[in-house]
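For reference, query-v2.txt (compact mmCIF, C-alpha atoms and all ligand atoms):
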# COMPACT_ATOMS: atom_id res chain seq x y z
CA MET A 8 35.99 58.70 163.54
CA LYS A 9 39.79 58.71 163.28
CA THR A 10 40.52 57.56 159.76
CA ILE A 11 38.71 58.07 156.48
CA GLY A 12 39.30 57.07 152.88
CA VAL A 13 38.67 58.75 149.55
CA LEU A 14 38.37 57.30 146.06
CA THR A 15 37.35 58.40 142.58
CA SER A 16 35.31 56.06 140.42
CA GLY A 17 33.66 55.77 136.99
CA GLY A 18 34.34 58.39 134.32
CA ASP A 19 36.84 61.06 135.35
CA SER A 20 35.84 64.71 135.41
CA PRO A 21 37.75 67.97 135.84
CA GLY A 22 37.59 69.08 139.45
CA MET A 23 37.86 65.59 140.94
CA ASN A 24 41.38 66.52 142.08
CA ALA A 25 40.11 69.66 143.78
CA ALA A 26 37.55 67.50 145.58
CA VAL A 27 40.20 64.99 146.69
CA ARG A 28 42.35 67.88 147.93
CA ALA A 29 39.46 69.33 149.91
CA VAL A 30 38.65 65.98 151.52
CA VAL A 31 42.26 65.36 152.48
CA ARG A 32 43.00 68.84 153.80
CA LYS A 33 39.71 69.17 155.68
CA ALA A 34 40.22 65.75 157.27
CA ILE A 35 43.78 66.57 158.35
CA TYR A 36 42.58 69.95 159.66
CA HIS A 37 40.23 67.97 161.92
CA ASN A 38 43.05 65.63 163.00
CA LEU A 39 41.85 62.66 160.98
CA ASN A 40 44.05 60.26 159.04
CA VAL A 41 43.22 59.94 155.35
CA TYR A 42 43.88 57.12 152.93
CA GLY A 43 43.74 57.64 149.20
CA ILE A 44 42.35 54.53 147.56
CA TYR A 45 43.69 54.18 144.02
CA GLN A 46 41.77 52.91 140.94
CA GLY A 47 38.26 53.20 142.33
CA TYR A 48 36.42 50.15 143.62
CA ALA A 49 38.88 47.82 141.84
CA GLY A 50 41.67 49.34 143.93
CA LEU A 51 39.51 49.17 147.04
CA MET A 52 39.15 45.40 146.67
CA ALA A 53 42.84 45.02 145.79
CA GLY A 54 43.97 47.04 148.83
CA ASN A 55 45.59 49.89 146.84
CA PHE A 56 45.64 52.25 149.81
CA LYS A 57 48.12 55.00 150.51
CA LYS A 58 48.14 57.34 153.47
CA LEU A 59 47.91 60.94 152.24
CA GLU A 60 49.49 63.95 153.88
CA LEU A 61 48.93 67.67 153.35
CA GLY A 62 51.63 67.72 150.68
CA SER A 63 50.23 64.68 148.84
CA VAL A 64 47.49 66.88 147.41
CA GLY A 65 49.68 69.89 146.69
CA ASP A 66 49.74 71.26 143.15
CA ILE A 67 46.66 69.35 141.97
CA ILE A 68 43.82 71.86 142.39
CA HIS A 69 44.25 73.07 138.81
CA ARG A 70 44.70 69.70 137.16
CA GLY A 71 42.05 67.74 135.26
CA GLY A 72 41.67 63.98 135.64
CA THR A 73 42.20 62.36 139.01
CA MET A 74 45.43 61.74 140.91
CA LEU A 75 43.76 58.70 142.50
CA TYR A 76 43.07 57.21 139.04
CA THR A 77 39.71 55.70 138.33
CA ALA A 78 38.41 52.37 137.15
CA ARG A 79 35.31 50.38 136.47
CA SER A 80 34.78 47.06 138.20
CA GLU A 81 32.11 44.48 137.49
CA GLU A 82 33.33 42.42 140.45
CA PHE A 83 32.40 45.19 142.85
CA LYS A 84 28.75 44.83 141.83
CA THR A 85 28.74 41.41 143.55
CA LEU A 86 28.25 40.86 147.27
CA GLU A 87 31.65 39.14 147.51
CA GLY A 88 33.32 42.13 145.85
CA GLN A 89 31.69 44.54 148.29
CA HIS A 90 32.66 42.36 151.28
CA SER A 91 36.27 42.19 150.16
CA GLY A 92 36.23 46.01 149.86
CA ILE A 93 34.99 46.32 153.43
CA GLU A 94 37.64 43.84 154.60
CA GLN A 95 40.33 46.09 153.13
CA LEU A 96 38.81 49.18 154.74
CA ASN A 97 38.74 47.43 158.13
CA LYS A 98 42.28 46.16 157.67
CA HIS A 99 43.50 49.75 157.22
CA GLY A 100 41.39 51.07 160.11
CA VAL A 101 39.28 53.21 157.76
CA GLU A 102 35.90 54.06 159.28
CA GLY A 103 34.27 56.22 156.61
CA LEU A 104 34.65 56.63 152.86
CA VAL A 105 34.14 59.50 150.41
CA VAL A 106 33.30 58.32 146.89
CA ILE A 107 33.63 60.84 144.06
CA GLY A 108 31.89 59.70 140.88
CA GLY A 109 28.67 59.37 138.96
CA ASP A 110 25.46 57.43 139.35
CA GLY A 111 27.13 53.99 139.22
CA SER A 112 29.68 54.99 141.83
CA TYR A 113 26.85 56.20 144.08
CA ARG A 114 25.20 52.78 143.81
CA GLY A 115 28.40 51.15 144.99
CA ALA A 116 28.62 53.62 147.89
CA GLN A 117 25.01 52.90 148.80
CA LYS A 118 25.73 49.16 148.89
CA LEU A 119 28.68 49.67 151.26
CA THR A 120 26.52 51.86 153.51
CA GLU A 121 23.81 49.17 153.54
CA HIS A 122 26.48 46.68 154.69
CA GLY A 123 27.19 49.01 157.63
CA PHE A 124 30.09 50.99 156.20
CA PRO A 125 29.33 54.76 156.08
CA CYS A 126 29.94 56.37 152.68
CA ILE A 127 29.43 59.87 151.37
CA GLY A 128 28.97 60.53 147.64
CA LEU A 129 30.23 63.58 145.73
CA PRO A 130 28.89 64.14 142.20
CA GLY A 131 31.91 63.89 139.89
CA THR A 132 30.75 63.67 136.29
CA ILE A 133 30.67 66.05 133.34
CA ASP A 134 27.12 64.97 132.44
CA ASN A 135 25.29 66.95 135.15
CA ASP A 136 22.91 64.01 135.45
CA ILE A 137 22.77 63.56 139.23
CA ALA A 138 19.75 64.65 141.21
CA GLY A 139 20.15 66.61 144.44
CA THR A 140 22.63 69.08 143.03
CA ASP A 141 22.21 71.88 140.51
CA TYR A 142 25.63 71.13 139.06
CA THR A 143 28.02 68.21 139.11
CA ILE A 144 31.77 68.64 139.44
CA GLY A 145 33.22 68.91 135.92
CA PHE A 146 30.10 70.02 134.06
CA ASN A 147 31.12 73.68 133.95
CA THR A 148 34.61 72.87 132.64
CA ALA A 149 33.21 70.52 129.98
CA LEU A 150 30.84 73.28 128.88
CA HIS A 151 33.72 75.70 128.41
CA THR A 152 35.55 73.13 126.30
CA VAL A 153 32.51 72.59 124.11
CA ILE A 154 31.84 76.31 123.70
CA ASP A 155 35.45 76.88 122.73
CA ALA A 156 35.05 74.20 120.04
CA ILE A 157 31.74 75.62 118.81
CA ASP A 158 33.25 79.10 118.49
CA LYS A 159 36.10 77.73 116.41
CA ILE A 160 33.84 75.61 114.23
CA ARG A 161 31.59 78.63 113.71
CA ASP A 162 34.48 80.48 112.03
CA THR A 163 34.85 77.68 109.50
CA ALA A 164 31.11 77.18 109.14
CA THR A 165 30.67 80.86 108.25
CA SER A 166 33.64 81.00 105.90
CA HIS A 167 32.56 77.94 103.96
CA GLU A 168 28.82 78.51 104.34
CA ARG A 169 28.27 75.04 105.70
CA THR A 170 26.05 73.12 108.01
CA PHE A 171 27.90 71.68 110.97
CA ILE A 172 26.82 68.99 113.36
CA ILE A 173 28.71 68.98 116.63
CA GLU A 174 28.27 65.75 118.52
CA VAL A 175 28.76 66.17 122.27
CA MET A 176 28.69 63.79 125.24
CA GLY A 177 25.41 62.88 126.92
CA ARG A 178 24.00 59.40 126.51
CA HIS A 179 20.97 60.00 128.70
CA ALA A 180 21.32 63.63 129.74
CA GLY A 181 21.26 66.57 127.35
CA ASP A 182 22.64 69.21 129.72
CA ILE A 183 25.97 69.61 127.94
CA ALA A 184 24.23 69.95 124.57
CA LEU A 185 21.59 72.31 125.87
CA TRP A 186 23.89 74.66 127.79
CA ALA A 187 26.63 74.63 125.16
CA GLY A 188 24.09 75.03 122.37
CA LEU A 189 22.50 78.02 124.06
CA ALA A 190 25.84 79.60 124.97
CA GLY A 191 27.27 78.86 121.53
CA GLY A 192 24.28 80.22 119.63
CA ALA A 193 23.46 76.93 117.91
CA GLU A 194 20.47 76.97 115.56
CA THR A 195 19.29 73.56 116.70
CA ILE A 196 19.91 71.53 119.85
CA ILE A 197 19.03 67.86 119.92
CA ILE A 198 18.88 66.09 123.28
CA PRO A 199 17.65 62.72 124.54
CA GLU A 200 14.97 64.17 126.82
CA ILE A 201 12.98 65.98 124.12
CA ASP A 202 11.75 64.43 120.87
CA PHE A 203 12.55 66.29 117.71
CA LYS A 204 10.95 66.30 114.28
CA LEU A 205 13.31 66.13 111.33
CA GLU A 206 11.02 68.42 109.33
CA ASP A 207 11.38 71.10 112.03
CA VAL A 208 15.17 70.90 111.91
CA VAL A 209 15.12 71.06 108.12
CA GLY A 210 12.57 73.89 108.20
CA ARG A 211 14.85 75.94 110.46
CA ILE A 212 17.83 75.40 108.18
CA LYS A 213 15.81 76.42 105.12
CA SER A 214 14.26 79.51 106.69
CA GLY A 215 17.74 80.57 107.86
CA GLN A 216 18.99 80.20 104.30
CA LYS A 217 16.15 82.37 103.00
CA ARG A 218 17.22 85.10 105.40
CA GLY A 219 20.73 84.88 103.97
CA LYS A 220 22.24 82.96 106.88
CA LYS A 221 25.65 81.66 105.97
CA HIS A 222 25.80 78.62 108.18
CA THR A 223 23.95 76.35 110.53
CA ILE A 224 25.25 74.82 113.73
CA ILE A 225 23.46 71.83 115.19
CA VAL A 226 24.52 70.56 118.61
CA LEU A 227 23.63 66.90 118.98
CA ALA A 228 23.84 64.84 122.17
CA GLU A 229 25.43 61.46 121.45
CA GLY A 230 22.51 59.60 123.08
CA VAL A 231 20.12 60.65 120.31
CA SER A 232 22.13 59.69 117.26
CA ASN A 233 25.56 59.27 115.88
CA GLY A 234 26.68 62.52 114.22
CA MET A 235 27.49 60.89 110.86
CA ASP A 236 24.06 59.25 110.60
CA PHE A 237 22.40 62.51 111.48
CA ALA A 238 24.44 64.36 108.85
CA LYS A 239 23.26 61.90 106.19
CA LEU A 240 19.65 62.65 107.10
CA ILE A 241 20.22 66.41 106.87
CA GLU A 242 22.06 66.10 103.54
CA ARG A 243 19.30 63.93 102.15
CA GLU A 244 16.62 66.43 103.12
CA THR A 245 18.43 69.70 102.31
CA SER A 246 21.09 68.80 99.72
CA LEU A 247 23.45 70.94 101.80
CA GLU A 248 26.99 69.85 102.40
CA THR A 249 27.09 68.88 106.06
CA ARG A 250 30.17 68.41 108.21
CA VAL A 251 30.44 66.54 111.48
CA SER A 252 32.66 67.17 114.48
CA VAL A 253 32.65 64.58 117.23
CA LEU A 254 34.20 66.22 120.28
CA GLY A 255 34.65 62.97 122.22
CA HIS A 256 37.05 62.75 125.12
CA ILE A 257 38.42 66.28 124.92
CA GLN A 258 35.25 67.14 126.84
CA ARG A 259 36.46 65.13 129.85
CA GLY A 260 39.85 66.73 130.29
CA GLY A 261 41.46 70.06 130.89
CA THR A 262 42.05 72.53 133.65
CA PRO A 263 38.96 72.82 135.84
CA THR A 264 37.22 76.19 135.81
CA ALA A 265 37.15 78.32 138.95
CA PHE A 266 33.51 77.33 139.35
CA ASP A 267 34.30 73.61 139.38
CA ARG A 268 37.22 74.08 141.79
CA VAL A 269 35.07 76.03 144.22
CA LEU A 270 32.18 73.58 143.92
CA ALA A 271 34.53 70.62 144.46
CA SER A 272 36.14 72.30 147.47
CA ARG A 273 32.81 73.12 149.10
CA LEU A 274 31.36 69.66 148.53
CA GLY A 275 34.56 67.92 149.63
CA GLY A 276 34.66 69.91 152.85
CA ARG A 277 31.05 69.07 153.64
CA ALA A 278 31.63 65.36 152.99
CA VAL A 279 34.21 65.24 155.78
CA GLU A 280 31.93 67.14 158.15
CA LEU A 281 29.15 64.62 157.55
CA LEU A 282 31.46 61.70 158.37
CA ILE A 283 32.63 63.50 161.53
CA GLU A 284 28.95 63.99 162.45
CA GLY A 285 28.54 60.22 162.12
CA LYS A 286 26.36 60.42 159.02
CA GLY A 287 26.74 57.93 156.18
CA GLY A 288 24.72 57.15 153.10
CA ARG A 289 24.47 60.79 152.06
CA ALA A 290 25.07 62.42 148.68
CA VAL A 291 26.33 66.00 148.89
CA GLY A 292 25.29 68.63 146.37
CA MET A 293 24.70 72.32 145.86
CA GLU A 294 21.24 73.75 145.33
CA GLN A 295 20.70 77.47 144.88
CA ASN A 296 24.23 78.06 146.12
CA ARG A 297 23.63 76.18 149.39
CA ILE A 298 25.39 72.95 150.24
CA VAL A 299 22.82 70.20 150.81
CA ASP A 300 22.80 66.46 151.33
CA TYR A 301 20.31 63.72 150.53
CA SER A 302 20.13 59.99 151.13
CA PHE A 303 21.21 57.90 148.13
CA ASP A 304 17.61 56.65 147.89
CA GLU A 305 16.34 60.21 147.53
CA VAL A 306 18.89 60.91 144.81
CA PHE A 307 17.98 57.75 142.88
CA SER A 308 14.24 58.34 143.21
CA LYS A 309 14.36 61.83 141.72
CA PRO A 310 14.62 61.60 137.96
CA HIS A 311 17.04 63.90 136.26
CA HIS A 312 15.17 66.72 134.54
CA ILE A 313 16.26 68.94 131.73
CA ASP A 314 15.29 72.59 132.01
CA GLU A 315 12.57 72.71 129.35
CA THR A 316 12.17 76.48 129.58
CA MET A 317 15.81 76.80 128.62
CA TYR A 318 15.26 74.47 125.69
CA ARG A 319 12.30 76.52 124.48
CA LEU A 320 14.29 79.72 124.91
CA SER A 321 17.10 78.30 122.78
CA GLN A 322 14.55 77.68 120.03
CA GLU A 323 13.10 81.17 120.36
CA LEU A 324 16.53 82.77 120.14
CA SER A 325 17.60 80.85 117.07
CA ILE A 326 14.69 81.53 114.72
P1 LIG A 401 29.82 56.44 137.01
O1 LIG A 401 30.08 56.42 138.47
O2 LIG A 401 30.61 57.49 136.30
O3 LIG A 401 28.33 56.45 136.70
P2 LIG A 401 29.88 53.58 136.35
O4 LIG A 401 28.42 53.51 136.08
O5 LIG A 401 30.79 52.86 135.43
O6 LIG A 401 30.41 55.09 136.38
O7 LIG A 401 30.12 53.06 137.83
C1 LIG A 401 31.41 53.02 138.40
C2 LIG A 401 31.61 51.76 139.21
O8 LIG A 401 30.67 51.76 140.30
C3 LIG A 401 31.32 50.45 138.47
O9 LIG A 401 32.40 50.02 137.68
C4 LIG A 401 31.07 49.50 139.63
O10 LIG A 401 32.28 49.05 140.20
C5 LIG A 401 30.36 50.40 140.64
N1 LIG A 401 28.91 50.17 140.54
C6 LIG A 401 28.07 50.58 139.56
N2 LIG A 401 26.81 50.14 139.78
C7 LIG A 401 26.85 49.42 140.92
C8 LIG A 401 25.89 48.69 141.69
N3 LIG A 401 24.61 48.60 141.29
N4 LIG A 401 26.31 48.07 142.82
C9 LIG A 401 27.60 48.16 143.21
N5 LIG A 401 28.55 48.81 142.54
C10 LIG A 401 28.20 49.43 141.41
Taking this structure as input, can you express it in the form of structure tokens?
Ligand code: ADP
Amino acid sequence: MKTIGVLTSGGDSPGMNAAVRAVVRKAIYHNLNVYGIYQGYAGLMAGNFKKLELGSVGDIIHRGGTMLYTARSEEFKTLEGQHSGIEQLNKHGVEGLVVIGGDGSYRGAQKLTEHGFPCIGLPGTIDNDIAGTDYTIGFNTALHTVIDAIDKIRDTATSHERTFIIEVMGRHAGDIALWAGLAGGAETIIIPEIDFKLEDVVGRIKSGQKRGKKHTIIVLAEGVSNGMDFAKLIERETSLETRVSVLGHIQRGGTPTAFDRVLASRLGGRAVELLIEGKGGRAVGMEQNRIVDYSFDEVFSKPHHIDETMYRLSQELSI
């Protein structure tokens, strides 16, 4: 292996830059050439390649987003799209590729590997919804952003004695809502993985009121309901004025935390080692503080699980 490529794909996440930096520096350390491929798989098919040097990844470890840009591409889901990607890789003499992204990006990387082109996946998504790793790159930073918002909203909620619904990202995975809700002391956390009963939510609000509680904070994952619709339900059942905050894309950006930078660096370094060892089709992750790798099939076959004991604890702590 003399030359490798790296791209970021799908939704961006803080720490992707630190991962790109690790891949580039580790590769150069081992005397490999590295191409940055810009705009994800769309850029791969279009031949948007640029040779990266040590200095190309200077001053990015602390930046959110991705210096390689990212994109979504329907064309890449077709066989022709994948073949034209491989043509470009061959044309540039690239022999292995590191793909940083979420589940969809992994599927693309698996397809390339099946066509004989070795790819390594790194979990870059704020959703923490990839199996084979305890944490994805960007999750920790997103959590800090959400907690910061909850703390601020709590000040207003207390002062005005109001019920607040904070809608956070998570279409299928409730990790952001669960962790941020627990860390932010939310009274109720609503996530896609666990059914809720409206009467329970209402009961908690009412019993809090009886105790003289000044406010209620509900953290709602976007995959369960739209915040405004949920607020209407709560207002109908409690007659309490309810406010909604939809955090949206602020959760994706920002300076990556130290945790995400270290995770990204460790995973990026391992990705290059795997390619040097001649291994493709592997997804790198961290489990119990050890760097591990699994085949894409293994990752796809393990469903993402929410930590139910943590969910129950959050309920016990917010009676
Ligand atoms: P994420 O990687 O964040 O989950 P997407 O699901 O949008 O984001 O996937 C990113 C890109 O990966 C898609 O735009 C597409 O180009 C590629 N991709 C997704 N699914 C497949 C698939 N089944 N086969 C090939 N490529 C895919």
- prompt: Hey, which residues come within 7 Å of ligand LIG 401 (chain A) if we count all atoms listed in the file? Could you give them as a list in words?
  reply: Ser16, Gly17, Gly18, Tyr48, Ala49, Ala78, Arg79, Ser80, Glu81, Glu82, Phe83, Lys84, Thr85, Gly108, Gly109, Asp110, Gly111, Ser112, Tyr113, Arg114, Gly115, Lys118 and Thr132 of chain A
Kindly provide the residues of region 101-213 of chain A that approach region 239-258 of chain A to within 10 Å, each paired with its closest atom pair and their distance in Å to one decimal, based on only C-alpha atoms, listed by chain and increasing number, as JSON lines.
{"residue": "A:Ile133", "atom": "CA", "partner": "A:Gln258", "partner_atom": "CA", "distance": 8.0}
{"residue": "A:Gly145", "atom": "CA", "partner": "A:Gln258", "partner_atom": "CA", "distance": 9.5}
{"residue": "A:Phe146", "atom": "CA", "partner": "A:Gln258", "partner_atom": "CA", "distance": 9.3}
{"residue": "A:Thr148", "atom": "CA", "partner": "A:Gln258", "partner_atom": "CA", "distance": 8.2}
{"residue": "A:Ala149", "atom": "CA", "partner": "A:Gln258", "partner_atom": "CA", "distance": 5.0}
{"residue": "A:Leu150", "atom": "CA", "partner": "A:Gln258", "partner_atom": "CA", "distance": 7.8}
{"residue": "A:His151", "atom": "CA", "partner": "A:Gln258", "partner_atom": "CA", "distance": 8.8}
{"residue": "A:Thr152", "atom": "CA", "partner": "A:Gln258", "partner_atom": "CA", "distance": 6.0}
{"residue": "A:Val153", "atom": "CA", "partner": "A:Gln258", "partner_atom": "CA", "distance": 6.7}
{"residue": "A:Ala156", "atom": "CA", "partner": "A:Leu254", "partner_atom": "CA", "distance": 8.0}
{"residue": "A:Ile157", "atom": "CA", "partner": "A:Ser252", "partner_atom": "CA", "distance": 9.5}
{"residue": "A:Ile160", "atom": "CA", "partner": "A:Ser252", "partner_atom": "CA", "distance": 8.5}
{"residue": "A:Ala164", "atom": "CA", "partner": "A:Arg250", "partner_atom": "CA", "distance": 8.9}
{"residue": "A:His167", "atom": "CA", "partner": "A:Glu248", "partner_atom": "CA", "distance": 9.9}
{"residue": "A:Glu168", "atom": "CA", "partner": "A:Glu248", "partner_atom": "CA", "distance": 9.1}
{"residue": "A:Arg169", "atom": "CA", "partner": "A:Glu248", "partner_atom": "CA", "distance": 6.3}
{"residue": "A:Thr170", "atom": "CA", "partner": "A:Thr249", "partner_atom": "CA", "distance": 4.8}
{"residue": "A:Phe171", "atom": "CA", "partner": "A:Arg250", "partner_atom": "CA", "distance": 4.8}
{"residue": "A:Ile172", "atom": "CA", "partner": "A:Val251", "partner_atom": "CA", "distance": 4.8}
{"residue": "A:Ile173", "atom": "CA", "partner": "A:Ser252", "partner_atom": "CA", "distance": 4.8}
{"residue": "A:Glu174", "atom": "CA", "partner": "A:Val253", "partner_atom": "CA", "distance": 4.7}
{"residue": "A:Val175", "atom": "CA", "partner": "A:Leu254", "partner_atom": "CA", "distance": 5.8}
{"residue": "A:Met176", "atom": "CA", "partner": "A:Gly255", "partner_atom": "CA", "distance": 6.7}
{"residue": "A:Ile183", "atom": "CA", "partner": "A:Gln258", "partner_atom": "CA", "distance": 9.7}
{"residue": "A:Leu205", "atom": "CA", "partner": "A:Ile241", "partner_atom": "CA", "distance": 8.2}
{"residue": "A:Glu206", "atom": "CA", "partner": "A:Glu244", "partner_atom": "CA", "distance": 8.6}
{"residue": "A:Val208", "atom": "CA", "partner": "A:Ile241", "partner_atom": "CA", "distance": 8.4}
{"residue": "A:Val209", "atom": "CA", "partner": "A:Thr245", "partner_atom": "CA", "distance": 6.8}
{"residue": "A:Gly210", "atom": "CA", "partner": "A:Thr245", "partner_atom": "CA", "distance": 9.3}
{"residue": "A:Ile212", "atom": "CA", "partner": "A:Thr245", "partner_atom": "CA", "distance": 8.2}
{"residue": "A:Lys213", "atom": "CA", "partner": "A:Thr245", "partner_atom": "CA", "distance": 7.7}
Atomic distance CA of Pro199 (chain A) - CA of Ala228 (chain A), expressed in Å with one decimal: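 Answer for the CA of Pro199 (chain A) to CA of Ala228 (chain A) separation: 7.0 Å.
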task: Determine, counting all atoms listed in the file, which protein, DNA and RNA residues have an atom within 6 Å of an atom of Val105 (chain A); residues of the same chain fewer than 2 positions away are not included. Present the result as a list in words.
output: Val13, Cys126, Ile127 and Gly128 of chain A
Would you put the residues from that selection into a file with C-alpha atoms, as a PDB file, in the frame of the given file?
ATOM      1  CA  VAL A  13      38.670  58.750 149.550  1.00  0.00           C
ATOM      2  CA  CYS A 126      29.940  56.370 152.680  1.00  0.00           C
ATOM      3  CA  ILE A 127      29.430  59.870 151.370  1.00  0.00           C
ATOM      4  CA  GLY A 128      28.970  60.530 147.640  1.00  0.00           C
TER       5      GLY A 128
END
- line: With distances taken over all atoms listed in the file, the candidate from A:Val41, A:Leu274, A:Leu282, A:Ile326 nearest His99 (chain A) is A:Val41
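Closest approach to Ser214 (chain A) among A:Asp236, A:Glu194, A:Asp304, A:Asp19: A:Glu194, based on only C-alpha atoms.
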query: From the list A:Val64, A:Ile107, A:Leu119, A:Arg277, which residue is nearest Gly88 (chain A) when using only C-alpha atoms?
result: A:Leu119
task: For region 312-324 of chain A, work out the shell of residues within 10 Å, counting only C-alpha atoms and skipping chain neighbours fewer than 4 positions away, then give it as a PyMOL selection string.
output: chain A and resi 135-138+180-182+185-186+188-190+192-201+211
message: When you count only C-alpha atoms, which of these residues is closest to Asn147 (chain A): A:Ile68, A:Ala271, A:Leu227, A:Met74?
response: A:Ala271
task: Grab the CA of Asn40 (chain A) to CA of Lys9 (chain A) distance for me, in Å with one decimal place.
output: 6.2 Å
task: State, in Å with one decimal place, the distance from CA of Thr143 (chain A) to CA of Val31 (chain A).
output: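 Result for CA of Thr143 (chain A) versus CA of Val31 (chain A): 19.7 Å, one decimal.
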task: Do a neighbour search on Gly287 (chain A) at 9 Å with all atoms listed in the file, toss out local chain neighbours closer than 6 positions, and write the hits as a PyMOL selection string.
output: chain A and resi 103-104+120+124-127+281+302
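Compared by their closest atoms to Pro130 (chain A), and using all atoms listed in the file, the residues A:His69, A:Lys159, A:Arg178, A:Arg273 rank with A:Arg273 nearest.
For the residues A:Met23, A:Tyr301, A:Ala290, A:Asp155, ranking by smallest atom-to-atom distance to Ala187 (chain A) using all atoms listed in the file places A:Asp155 first.
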- request: Tell me, as JSON, numbers by chain, which residues lie within 9 Å of Glu280 (chain A), counting all atoms listed in the file; anything in the same chain fewer than 5 positions away does not count.
  value: {"A": [33, 34, 275, 285, 286]}
Could you model N, CA, C and O atoms for region 257-270 of chain A and present them as an mmCIF file, keeping the file's coordinate frame?
data_model
loop_
_atom_site.group_PDB
_atom_site.id
_atom_site.type_symbol
_atom_site.label_atom_id
_atom_site.label_comp_id
_atom_site.auth_asym_id
_atom_site.auth_seq_id
_atom_site.Cartn_x
_atom_site.Cartn_y
_atom_site.Cartn_z
ATOM 1 N N ILE A 257 37.860 64.974 124.501
ATOM 2 C CA ILE A 257 38.420 66.280 124.920
ATOM 3 C C ILE A 257 37.483 66.945 125.923
ATOM 4 O O ILE A 257 37.899 67.790 126.704
ATOM 5 N N GLN A 258 36.219 66.533 125.910
ATOM 6 C CA GLN A 258 35.250 67.140 126.840
ATOM 7 C C GLN A 258 35.500 66.732 128.292
ATOM 8 O O GLN A 258 34.997 67.338 129.220
ATOM 9 N N ARG A 259 36.235 65.639 128.490
ATOM 10 C CA ARG A 259 36.460 65.130 129.850
ATOM 11 C C ARG A 259 37.661 65.767 130.530
ATOM 12 O O ARG A 259 37.795 65.719 131.745
ATOM 13 N N GLY A 260 38.583 66.310 129.702
ATOM 14 C CA GLY A 260 39.850 66.730 130.290
ATOM 15 C C GLY A 260 39.963 68.220 130.478
ATOM 16 O O GLY A 260 38.987 68.961 130.350
ATOM 17 N N GLY A 261 41.164 68.629 130.816
ATOM 18 C CA GLY A 261 41.460 70.060 130.890
ATOM 19 C C GLY A 261 41.435 70.618 132.292
ATOM 20 O O GLY A 261 40.945 69.991 133.235
ATOM 21 N N THR A 262 41.974 71.816 132.376
ATOM 22 C CA THR A 262 42.050 72.530 133.650
ATOM 23 C C THR A 262 40.651 72.869 134.137
ATOM 24 O O THR A 262 39.880 73.482 133.402
ATOM 25 N N PRO A 263 40.304 72.486 135.365
ATOM 26 C CA PRO A 263 38.960 72.820 135.840
ATOM 27 C C PRO A 263 38.750 74.327 135.968
ATOM 28 O O PRO A 263 39.672 75.051 136.332
ATOM 29 N N THR A 264 37.554 74.766 135.662
ATOM 30 C CA THR A 264 37.220 76.190 135.810
ATOM 31 C C THR A 264 37.206 76.545 137.299
ATOM 32 O O THR A 264 37.102 75.666 138.169
ATOM 33 N N ALA A 265 37.240 77.853 137.558
ATOM 34 C CA ALA A 265 37.150 78.320 138.950
ATOM 35 C C ALA A 265 35.868 77.788 139.590
ATOM 36 O O ALA A 265 35.852 77.352 140.743
ATOM 37 N N PHE A 266 34.794 77.800 138.820
ATOM 38 C CA PHE A 266 33.510 77.330 139.350
ATOM 39 C C PHE A 266 33.614 75.883 139.828
ATOM 40 O O PHE A 266 33.192 75.540 140.935
ATOM 41 N N ASP A 267 34.191 75.025 138.989
ATOM 42 C CA ASP A 267 34.300 73.610 139.380
ATOM 43 C C ASP A 267 35.229 73.417 140.578
ATOM 44 O O ASP A 267 34.988 72.557 141.428
ATOM 45 N N ARG A 268 36.290 74.212 140.644
ATOM 46 C CA ARG A 268 37.220 74.080 141.790
ATOM 47 C C ARG A 268 36.536 74.484 143.084
ATOM 48 O O ARG A 268 36.719 73.853 144.130
ATOM 49 N N VAL A 269 35.754 75.562 143.008
ATOM 50 C CA VAL A 269 35.070 76.030 144.220
ATOM 51 C C VAL A 269 33.993 75.035 144.626
ATOM 52 O O VAL A 269 33.875 74.656 145.800
ATOM 53 N N LEU A 270 33.233 74.573 143.633
ATOM 54 C CA LEU A 270 32.180 73.580 143.920
ATOM 55 C C LEU A 270 32.808 72.338 144.567
ATOM 56 O O LEU A 270 32.343 71.848 145.604
#
